[in-house]
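Here's input_32.pdb, which has PDB, C-alpha atoms, pLDDT in the B column:
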```pdb
ATOM      1  CA  MET P  21     103.434 102.586  94.470  1.00 40.00           C
ATOM      2  CA  ALA P  22     105.766 102.889  97.391  1.00 46.00           C
ATOM      3  CA  ARG P  23     105.270 101.255 100.732  1.00 47.00           C
ATOM      4  CA  LEU P  24     105.390 103.900 103.423  1.00 45.00           C
ATOM      5  CA  ARG P  25     107.086 103.853 106.809  1.00 46.00           C
ATOM      6  CA  ASN P  26     105.595 106.160 109.441  1.00 47.00           C
ATOM      7  CA  PRO P  27     102.155 106.682 107.780  1.00 53.00           C
ATOM      8  CA  PHE P  28     102.781 109.689 105.615  1.00 57.00           C
ATOM      9  CA  ASP P  29     100.392 112.410 104.520  1.00 59.00           C
ATOM     10  CA  PRO P  30     102.185 114.679 101.992  1.00 56.00           C
ATOM     11  CA  ALA P  31     100.263 117.670 103.287  1.00 55.00           C
ATOM     12  CA  THR P  32     102.061 117.386 106.645  1.00 64.00           C
ATOM     13  CA  LEU P  33     105.443 118.301 105.179  1.00 67.00           C
ATOM     14  CA  ALA P  34     105.114 119.488 101.578  1.00 59.00           C
ATOM     15  CA  GLY P  35     105.202 123.249 101.488  1.00 56.00           C
ATOM     16  CA  SER P  36     106.602 123.571 105.010  1.00 62.00           C
ATOM     17  CA  ALA P  37     109.493 126.016 105.122  1.00 62.00           C
ATOM     18  CA  ARG P  38     111.289 123.740 107.606  1.00 78.00           C
ATOM     19  CA  ALA P  39     110.916 120.523 105.625  1.00 89.00           C
ATOM     20  CA  VAL P  40     113.505 118.936 103.348  1.00 93.00           C
ATOM     21  CA  ALA P  41     113.164 115.859 101.136  1.00 95.00           C
ATOM     22  CA  VAL P  42     116.315 113.749 100.848  1.00 96.00           C
ATOM     23  CA  ILE P  43     116.349 111.299  97.948  1.00 97.00           C
ATOM     24  CA  GLY P  44     119.027 108.656  98.387  1.00 95.00           C
ATOM     25  CA  LEU P  45     120.012 107.474 101.866  1.00 94.00           C
ATOM     26  CA  GLY P  46     123.558 106.253 101.362  1.00 91.00           C
ATOM     27  CA  ARG P  47     126.363 107.523 103.583  1.00 90.00           C
ATOM     28  CA  PHE P  48     126.123 111.094 102.322  1.00 92.00           C
ATOM     29  CA  GLY P  49     122.323 111.254 102.305  1.00 93.00           C
ATOM     30  CA  THR P  50     122.044 109.619 105.714  1.00 93.00           C
ATOM     31  CA  ALA P  51     124.599 111.915 107.321  1.00 93.00           C
ATOM     32  CA  LEU P  52     122.914 114.944 105.792  1.00 93.00           C
ATOM     33  CA  ALA P  53     119.408 113.856 106.799  1.00 94.00           C
ATOM     34  CA  LEU P  54     120.395 113.092 110.389  1.00 94.00           C
ATOM     35  CA  GLU P  55     122.244 116.395 110.701  1.00 93.00           C
ATOM     36  CA  LEU P  56     119.166 118.244 109.454  1.00 93.00           C
ATOM     37  CA  MET P  57     117.072 116.395 112.036  1.00 92.00           C
ATOM     38  CA  SER P  58     119.493 117.414 114.798  1.00 91.00           C
ATOM     39  CA  TYR P  59     118.763 121.052 113.932  1.00 86.00           C
ATOM     40  CA  GLY P  60     115.014 120.558 114.161  1.00 88.00           C
ATOM     41  CA  THR P  61     114.370 120.287 110.410  1.00 89.00           C
ATOM     42  CA  GLU P  62     111.643 117.887 109.330  1.00 92.00           C
ATOM     43  CA  VAL P  63     113.027 115.350 106.855  1.00 93.00           C
ATOM     44  CA  LEU P  64     111.357 113.060 104.348  1.00 94.00           C
ATOM     45  CA  GLY P  65     113.816 110.339 103.301  1.00 94.00           C
ATOM     46  CA  ILE P  66     113.305 108.221 100.166  1.00 95.00           C
ATOM     47  CA  ASP P  67     115.282 105.114  99.176  1.00 93.00           C
ATOM     48  CA  GLY P  68     115.110 101.364  98.685  1.00 89.00           C
ATOM     49  CA  GLU P  69     113.910  99.044 101.418  1.00 87.00           C
ATOM     50  CA  GLU P  70     117.214  98.215 103.126  1.00 87.00           C
ATOM     51  CA  ARG P  71     118.353 101.791 103.629  1.00 86.00           C
ATOM     52  CA  ALA P  72     114.880 103.066 104.431  1.00 87.00           C
ATOM     53  CA  GLN P  73     114.447 100.376 107.098  1.00 87.00           C
ATOM     54  CA  GLU P  74     117.723 101.425 108.739  1.00 89.00           C
ATOM     55  CA  LEU P  75     116.459 104.994 109.150  1.00 90.00           C
ATOM     56  CA  ASN P  76     112.880 104.192 110.058  1.00 86.00           C
ATOM     57  CA  GLY P  77     112.081 106.133 113.233  1.00 87.00           C
ATOM     58  CA  ARG P  78     115.181 108.316 112.955  1.00 92.00           C
ATOM     59  CA  LEU P  79     113.751 110.697 110.341  1.00 93.00           C
ATOM     60  CA  THR P  80     110.395 112.448 110.380  1.00 91.00           C
ATOM     61  CA  HIS P  81     109.168 110.157 107.594  1.00 91.00           C
ATOM     62  CA  VAL P  82     110.901 107.412 105.602  1.00 92.00           C
ATOM     63  CA  VAL P  83     109.494 106.119 102.319  1.00 92.00           C
ATOM     64  CA  ILE P  84     110.460 102.941 100.499  1.00 92.00           C
ATOM     65  CA  GLY P  85     110.278 103.486  96.755  1.00 92.00           C
ATOM     66  CA  ASP P  86     111.956 104.255  93.447  1.00 93.00           C
ATOM     67  CA  ALA P  87     112.288 108.018  93.121  1.00 94.00           C
ATOM     68  CA  THR P  88     112.947 107.740  89.374  1.00 94.00           C
ATOM     69  CA  LYS P  89     109.233 107.000  88.964  1.00 94.00           C
ATOM     70  CA  PRO P  90     107.267 110.253  88.463  1.00 93.00           C
ATOM     71  CA  GLU P  91     104.193 108.763  90.132  1.00 93.00           C
ATOM     72  CA  LEU P  92     106.103 108.299  93.406  1.00 93.00           C
ATOM     73  CA  LEU P  93     107.223 111.927  93.491  1.00 94.00           C
ATOM     74  CA  ALA P  94     103.654 112.996  92.734  1.00 91.00           C
ATOM     75  CA  GLN P  95     102.211 110.684  95.404  1.00 90.00           C
ATOM     76  CA  LEU P  96     104.549 112.182  98.016  1.00 91.00           C
ATOM     77  CA  GLY P  97     104.008 115.785  96.953  1.00 91.00           C
ATOM     78  CA  VAL P  98     107.755 116.273  96.476  1.00 93.00           C
ATOM     79  CA  GLY P  99     107.086 119.039  93.954  1.00 91.00           C
ATOM     80  CA  ASP P 100     105.652 121.119  96.805  1.00 90.00           C
ATOM     81  CA  PHE P 101     108.846 120.958  98.877  1.00 92.00           C
ATOM     82  CA  ASP P 102     110.883 124.148  98.821  1.00 88.00           C
ATOM     83  CA  ARG P 103     114.129 122.198  99.294  1.00 92.00           C
ATOM     84  CA  VAL P 104     115.065 118.783  97.938  1.00 95.00           C
ATOM     85  CA  VAL P 105     118.418 117.002  98.121  1.00 96.00           C
ATOM     86  CA  VAL P 106     119.310 114.414  95.466  1.00 96.00           C
ATOM     87  CA  ALA P 107     121.922 112.378  97.321  1.00 94.00           C
ATOM     88  CA  ILE P 108     122.060 109.494  94.828  1.00 93.00           C
ATOM     89  CA  GLY P 109     125.702 108.699  94.124  1.00 78.00           C
ATOM     90  CA  SER P 110     125.987 105.117  92.884  1.00 80.00           C
ATOM     91  CA  ASP P 111     123.694 105.511  89.858  1.00 91.00           C
ATOM     92  CA  VAL P 112     124.419 108.611  87.784  1.00 94.00           C
ATOM     93  CA  THR P 113     121.542 107.916  85.405  1.00 95.00           C
ATOM     94  CA  ALA P 114     119.075 107.744  88.295  1.00 96.00           C
ATOM     95  CA  SER P 115     120.494 110.960  89.749  1.00 96.00           C
ATOM     96  CA  ILE P 116     120.013 112.814  86.482  1.00 96.00           C
ATOM     97  CA  LEU P 117     116.536 111.375  85.919  1.00 96.00           C
ATOM     98  CA  VAL P 118     115.330 112.294  89.414  1.00 97.00           C
ATOM     99  CA  THR P 119     116.830 115.760  89.159  1.00 97.00           C
ATOM    100  CA  SER P 120     115.160 116.358  85.795  1.00 96.00           C
ATOM    101  CA  GLN P 121     111.796 115.367  87.235  1.00 96.00           C
ATOM    102  CA  LEU P 122     112.254 117.705  90.207  1.00 96.00           C
ATOM    103  CA  LEU P 123     113.005 120.573  87.847  1.00 96.00           C
ATOM    104  CA  ARG P 124     109.869 119.789  85.838  1.00 94.00           C
ATOM    105  CA  LEU P 125     107.878 119.775  89.077  1.00 94.00           C
ATOM    106  CA  GLY P 126     109.147 123.267  89.790  1.00 93.00           C
ATOM    107  CA  VAL P 127     111.127 122.556  92.975  1.00 92.00           C
ATOM    108  CA  ARG P 128     112.743 125.889  93.776  1.00 87.00           C
ATOM    109  CA  ASP P 129     115.847 124.809  95.687  1.00 92.00           C
ATOM    110  CA  ILE P 130     117.594 121.620  94.551  1.00 95.00           C
ATOM    111  CA  TRP P 131     120.858 120.327  96.001  1.00 95.00           C
ATOM    112  CA  ALA P 132     122.354 117.456  94.000  1.00 95.00           C
ATOM    113  CA  LYS P 133     125.371 115.272  94.723  1.00 93.00           C
ATOM    114  CA  ALA P 134     127.799 114.764  91.839  1.00 93.00           C
ATOM    115  CA  VAL P 135     130.302 111.911  91.789  1.00 91.00           C
ATOM    116  CA  SER P 136     132.451 113.159  88.904  1.00 90.00           C
ATOM    117  CA  GLU P 137     133.242 116.280  86.940  1.00 90.00           C
ATOM    118  CA  GLN P 138     131.094 115.048  84.047  1.00 93.00           C
ATOM    119  CA  HIS P 139     128.181 114.372  86.401  1.00 94.00           C
ATOM    120  CA  ALA P 140     128.565 117.860  87.899  1.00 91.00           C
ATOM    121  CA  THR P 141     128.618 119.420  84.422  1.00 94.00           C
ATOM    122  CA  ILE P 142     125.376 117.691  83.419  1.00 95.00           C
ATOM    123  CA  LEU P 143     123.634 118.747  86.632  1.00 95.00           C
ATOM    124  CA  ASP P 144     124.816 122.304  86.102  1.00 94.00           C
ATOM    125  CA  GLN P 145     123.577 122.284  82.503  1.00 95.00           C
ATOM    126  CA  LEU P 146     120.181 121.034  83.701  1.00 95.00           C
ATOM    127  CA  GLY P 147     119.944 124.165  85.825  1.00 93.00           C
ATOM    128  CA  VAL P 148     120.517 122.715  89.306  1.00 94.00           C
ATOM    129  CA  GLN P 149     121.112 125.571  91.734  1.00 88.00           C
ATOM    130  CA  HIS P 150     123.513 123.699  94.047  1.00 91.00           C
ATOM    131  CA  VAL P 151     125.832 120.952  92.789  1.00 91.00           C
ATOM    132  CA  VAL P 152     127.822 119.292  95.574  1.00 89.00           C
ATOM    133  CA  ARG P 153     130.888 117.079  95.162  1.00 86.00           C
ATOM    134  CA  PRO P 154     131.530 115.789  98.705  1.00 82.00           C
ATOM    135  CA  GLU P 155     134.641 113.743  97.964  1.00 78.00           C
ATOM    136  CA  ALA P 156     136.283 116.424  95.808  1.00 73.00           C
ATOM    137  CA  ASP P 157     135.327 119.208  98.222  1.00 74.00           C
ATOM    138  CA  MET P 158     136.669 117.276 101.206  1.00 71.00           C
ATOM    139  CA  GLY P 159     139.851 116.432  99.307  1.00 70.00           C
ATOM    140  CA  ARG P 160     140.540 120.107  98.608  1.00 71.00           C
ATOM    141  CA  ARG P 161     139.706 121.018 102.192  1.00 66.00           C
ATOM    142  CA  VAL P 162     142.072 118.416 103.669  1.00 69.00           C
ATOM    143  CA  ALA P 163     144.806 119.404 101.213  1.00 68.00           C
ATOM    144  CA  HIS P 164     144.676 122.986 102.493  1.00 64.00           C
ATOM    145  CA  MET P 165     144.683 121.777 106.091  1.00 66.00           C
ATOM    146  CA  VAL P 166     147.697 119.505 105.528  1.00 66.00           C
ATOM    147  CA  GLN P 167     149.641 122.123 103.611  1.00 61.00           C
ATOM    148  CA  GLY P 168     149.073 124.884 106.149  1.00 59.00           C
ATOM    149  CA  SER P 169     148.857 122.769 109.348  1.00 60.00           C
ATOM    150  CA  LEU P 170     145.404 124.260 109.911  1.00 66.00           C
ATOM    151  CA  GLU P 171     142.704 123.158 112.339  1.00 72.00           C
ATOM    152  CA  ASP P 172     140.043 123.676 109.670  1.00 81.00           C
ATOM    153  CA  PHE P 173     139.606 125.190 106.219  1.00 82.00           C
ATOM    154  CA  ILE P 174     136.293 126.196 104.640  1.00 84.00           C
ATOM    155  CA  GLU P 175     136.014 127.460 101.063  1.00 82.00           C
ATOM    156  CA  ILE P 176     133.306 130.127 100.972  1.00 83.00           C
ATOM    157  CA  GLU P 177     133.506 130.308  97.170  1.00 83.00           C
ATOM    158  CA  PRO P 178     136.322 129.783  94.650  1.00 81.00           C
ATOM    159  CA  GLY P 179     139.188 132.078  95.626  1.00 86.00           C
ATOM    160  CA  TYR P 180     137.844 133.067  99.055  1.00 91.00           C
ATOM    161  CA  ALA P 181     137.897 131.039 102.262  1.00 89.00           C
ATOM    162  CA  ALA P 182     138.044 130.970 106.044  1.00 92.00           C
ATOM    163  CA  MET P 183     140.381 128.967 108.248  1.00 89.00           C
ATOM    164  CA  LYS P 184     140.983 128.186 111.904  1.00 89.00           C
ATOM    165  CA  ILE P 185     144.544 128.339 113.223  1.00 86.00           C
ATOM    166  CA  PRO P 186     146.150 128.348 116.666  1.00 86.00           C
ATOM    167  CA  ALA P 187     146.978 131.904 117.759  1.00 84.00           C
ATOM    168  CA  PRO P 188     150.448 132.815 116.377  1.00 79.00           C
ATOM    169  CA  LEU P 189     152.821 132.754 119.351  1.00 80.00           C
ATOM    170  CA  ASP P 190     154.742 135.802 118.160  1.00 78.00           C
ATOM    171  CA  LEU P 191     151.546 137.885 118.202  1.00 80.00           C
ATOM    172  CA  LEU P 192     150.352 137.188 121.739  1.00 86.00           C
ATOM    173  CA  ALA P 193     149.185 139.986 124.054  1.00 86.00           C
ATOM    174  CA  VAL P 194     149.307 142.708 121.382  1.00 87.00           C
ATOM    175  CA  PRO P 195     146.090 144.547 120.345  1.00 90.00           C
ATOM    176  CA  LEU P 196     144.947 143.713 116.809  1.00 90.00           C
ATOM    177  CA  ARG P 197     145.191 147.400 115.864  1.00 89.00           C
ATOM    178  CA  GLU P 198     148.956 147.203 116.394  1.00 90.00           C
ATOM    179  CA  LEU P 199     149.564 143.954 114.536  1.00 87.00           C
ATOM    180  CA  GLY P 200     148.984 145.191 110.987  1.00 84.00           C
ATOM    181  CA  ILE P 201     147.464 141.865 109.981  1.00 86.00           C
ATOM    182  CA  HIS P 202     145.566 143.662 107.196  1.00 83.00           C
ATOM    183  CA  ARG P 203     148.919 143.936 105.406  1.00 87.00           C
ATOM    184  CA  HIS P 204     148.680 140.198 104.797  1.00 89.00           C
ATOM    185  CA  GLY P 205     145.349 140.719 102.999  1.00 91.00           C
ATOM    186  CA  VAL P 206     143.353 138.724 105.576  1.00 92.00           C
ATOM    187  CA  SER P 207     140.955 139.599 108.389  1.00 91.00           C
ATOM    188  CA  ILE P 208     140.646 138.237 111.920  1.00 92.00           C
ATOM    189  CA  VAL P 209     136.936 137.472 112.312  1.00 93.00           C
ATOM    190  CA  ALA P 210     136.689 135.842 115.744  1.00 94.00           C
ATOM    191  CA  ILE P 211     138.656 134.067 118.454  1.00 93.00           C
ATOM    192  CA  LYS P 212     137.726 130.881 120.312  1.00 93.00           C
ATOM    193  CA  ARG P 213     138.793 131.011 123.960  1.00 91.00           C
ATOM    194  CA  ASP P 214     137.758 128.488 126.616  1.00 88.00           C
ATOM    195  CA  GLU P 215     135.153 126.949 124.273  1.00 87.00           C
ATOM    196  CA  ASP P 216     133.496 130.324 123.569  1.00 91.00           C
ATOM    197  CA  TRP P 217     133.756 132.380 120.379  1.00 93.00           C
ATOM    198  CA  ILE P 218     134.574 136.078 120.816  1.00 92.00           C
ATOM    199  CA  GLN P 219     133.941 138.630 118.063  1.00 92.00           C
ATOM    200  CA  ALA P 220     137.281 140.227 117.216  1.00 91.00           C
ATOM    201  CA  ASN P 221     137.796 143.998 117.329  1.00 90.00           C
ATOM    202  CA  GLN P 222     140.765 146.355 117.210  1.00 90.00           C
ATOM    203  CA  GLU P 223     141.449 145.930 120.938  1.00 91.00           C
ATOM    204  CA  THR P 224     141.344 142.116 120.911  1.00 90.00           C
ATOM    205  CA  ARG P 225     144.568 140.439 122.060  1.00 90.00           C
ATOM    206  CA  PHE P 226     145.583 136.855 121.378  1.00 90.00           C
ATOM    207  CA  GLU P 227     146.204 134.573 124.345  1.00 90.00           C
ATOM    208  CA  ARG P 228     148.036 131.259 124.422  1.00 89.00           C
ATOM    209  CA  GLY P 229     145.614 128.483 123.494  1.00 89.00           C
ATOM    210  CA  ASP P 230     143.310 130.704 121.432  1.00 91.00           C
ATOM    211  CA  VAL P 231     141.957 129.453 118.108  1.00 91.00           C
ATOM    212  CA  VAL P 232     141.694 132.209 115.508  1.00 91.00           C
ATOM    213  CA  LEU P 233     139.148 132.378 112.671  1.00 93.00           C
ATOM    214  CA  VAL P 234     140.747 134.136 109.702  1.00 92.00           C
ATOM    215  CA  ALA P 235     139.060 135.002 106.371  1.00 94.00           C
ATOM    216  CA  GLY P 236     140.336 136.306 103.059  1.00 92.00           C
ATOM    217  CA  PRO P 237     141.478 135.373  99.535  1.00 93.00           C
ATOM    218  CA  THR P 238     142.658 131.761  99.498  1.00 86.00           C
ATOM    219  CA  ALA P 239     146.207 132.559  98.341  1.00 86.00           C
ATOM    220  CA  ARG P 240     146.598 135.181 101.093  1.00 89.00           C
ATOM    221  CA  LEU P 241     145.298 132.735 103.685  1.00 85.00           C
ATOM    222  CA  GLU P 242     147.810 130.123 102.568  1.00 82.00           C
ATOM    223  CA  ALA P 243     150.643 132.635 102.889  1.00 83.00           C
ATOM    224  CA  PHE P 244     149.454 133.727 106.339  1.00 83.00           C
ATOM    225  CA  ALA P 245     149.147 130.103 107.489  1.00 78.00           C
ATOM    226  CA  ALA P 246     152.672 129.363 106.201  1.00 74.00           C
ATOM    227  CA  ARG P 247     154.013 132.349 108.134  1.00 67.00           C
ATOM    228  CA  LYS P 248     152.218 131.146 111.257  1.00 58.00           C
ATOM    229  CA  ALA P 249     153.610 127.621 110.884  1.00 50.00           C
ATOM    230  CA  ALA P 250     157.150 128.930 110.426  1.00 47.00           C
ATOM    231  CA  LYS P 251     156.958 130.922 113.665  1.00 53.00           C
ATOM    232  CA  ALA P 252     155.139 128.322 115.772  1.00 50.00           C
TER     233      ALA P 252
END
```

As a first step, turn the structure in this file into structure tokens.
Amino acid sequence: MARLRNPFDPATLAGSARAVAVIGLGRFGTALALELMSYGTEVLGIDGEERAQELNGRLTHVVIGDATKPELLAQLGVGDFDRVVVAIGSDVTASILVTSQLLRLGVRDIWAKAVSEQHATILDQLGVQHVVRPEADMGRRVAHMVQGSLEDFIEIEPGYAAMKIPAPLDLLAVPLRELGIHRHGVSIVAIKRDEDWIQANQETRFERGDVVLVAGPTARLEAFAARKAAKA
């Protein structure tokens, strides 16, 4: 059985709507777990001794153990968690084995990291609700940012995204209703001004230094960003 850090009673977290179990505390799992903690989410982290020791005291509970062993998952009540993240990246076999066990336990919301297209395909075929490819996703995101000189690019789903761009200089001080931006097939969602986000409406006017949040089909966003860059 596992040795436990921060004496852990499964009943304290399992079944809590605000609790998440993170299996695998490498760079991705650690970053995810700490970010969840920063938002007030209770986190159970599971990994080998070295990584678990590094996060002892920084997560709600940290457990040293081998999550591929069904008895460990049972001991910790992981099957009662509503949300579990499988952040194992270095061992594809372990990732698949742990994920399969979580599905058998009836975990309702599984997020699993995939390190390759083949890995992602297997996880999808197993029935995992959320398959994440951090490196591939970040690569696509940065590619869009480089190509369009964007401040940020977020893919909502394939073919539809949102991006942040500096306010186009040729569109300053004119109400949105007069700009005809809809002709580009995109929508202005909000504007960041002096560190505050303002909900955009038909009377909103761009000011120098504004950051604009734009949403729409990816191809239309790319074209709009290219137009912006050409006129900057």

Using the chain letters and numbers from the file, give me the residues hit by the PyMOL selection byres ((chain P and resi 235) around 7), as an MDAnalysis selection string.
chainID P and resid 181:183 206:209 233:234 236

Can you turn the PyMOL selection byres ((chain P and resi 109) around 9) into a concrete residue list for this file, as number ranges by chain?
P: 44, 46, 48, 106-108, 110-112, 114-115, 133-135

Minimum-distance residue to Arg47 (chain P), chosen among P:Lys89, P:Arg71, P:Arg124, P:Arg213 (using only C-alpha atoms):
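For Arg47 (chain P), the nearest of the candidates is P:Arg71.
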
Pick the closest to Ala51 (chain P) from P:Arg128, P:Arg78, P:Leu93, P:Thr224: which is it, counting all atoms listed in the file?
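Counting all atoms listed in the file, the residue closest to Ala51 (chain P) is P:Arg78.
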
What does the structure give for the distance between CA of Ala245 (chain P) and CA of His204 (chain P), in Å to one decimal?
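Answer for the CA of Ala245 (chain P) to CA of His204 (chain P) separation: 10.5 Å.
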
Selection under test: the PyMOL selection byres ((chain P and resi 214) around 10); residues as a PyMOL selection string:
chain P and resi 211-213+215-217+229-231

If you count all atoms listed in the file, which residues fall within 10 Å of Phe226 (chain P), apart from same-chain ones fewer than 4 positions away, as a PyMOL selection string?
chain P and resi 186-196+211-213+220+230-232

From the options P:Arg225, P:Leu143, P:Ile174, P:Ile84, which residue's atoms come nearest to Met158 (chain P), counting all atoms listed in the file?
P:Ile174

What is the distance, in Å and to one decimal place, between CA of Asp157 (chain P) and CA of Gly49 (chain P)?
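Spanning CA of Asp157 (chain P) to CA of Gly49 (chain P) is a straight-line distance of 15.8 Å.
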
Using all atoms of region 125-131 of chain P listed in the file and a margin of 8 Å per side, can you give the axis-aligned box centre and edge lengths in Å to one decimal, as JSON?
```
{"center_x": 114.4, "center_y": 122.8, "center_z": 92.5, "size_x": 29.0, "size_y": 22.1, "size_z": 22.9}
```

Could you check which of P:Ile201, P:Ile185, P:Val63, P:Ile130 is closest to Ala246 (chain P), using all atoms listed in the file?
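Of P:Ile201, P:Ile185, P:Val63, P:Ile130, the one nearest Ala246 (chain P), counting all atoms listed in the file, is P:Ile185.
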
What does the distance from CA of Gln138 (chain P) to CA of Ile43 (chain P) come to in Å, to one decimal?
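These two atoms are separated by 20.6 Å.
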
Tell me which of P:Gln145, P:Thr80, P:Gln219, P:Gln73 sits closest to Ser58 (chain P), counting only C-alpha atoms.
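Between P:Gln145, P:Thr80, P:Gln219, P:Gln73, the residue approaching Ser58 (chain P) most closely is P:Thr80.
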
Using all atoms listed in the file, which residue out of P:Thr50, P:Gln121, P:Thr113, P:Thr141 lies closest to Gly65 (chain P)?
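Checking each candidate against Gly65 (chain P), we get P:Thr50 as the closest.
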
List as an NGL selection string the protein and nucleic acid residues near Pro90 (chain P), meaning an atom at most 9 Å away when all atoms listed in the file are counted, but skip any in the same chain fewer than 4 places from it.
:P and (94-95 or 118 or 121)

Go ahead and write the residues just picked, C-alpha atoms, as a compact mmCIF listing (two decimals), in the frame of the given file.
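selection-v3.txt, written as the output of this step:
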```
# COMPACT_ATOMS: atom_id res chain seq x y z
CA ALA P 94 103.65 113.00 92.73
CA GLN P 95 102.21 110.68 95.40
CA VAL P 118 115.33 112.29 89.41
CA GLN P 121 111.80 115.37 87.24
```

I'd like the neighbourhood of Val127 (chain P) as number ranges by chain, where a residue qualifies if any of its atoms comes within 12 Å (using only C-alpha atoms), though same-chain residues fewer than 5 positions away should be ignored.
P: 34-35, 40-41, 93, 97-106, 118-122, 147-149
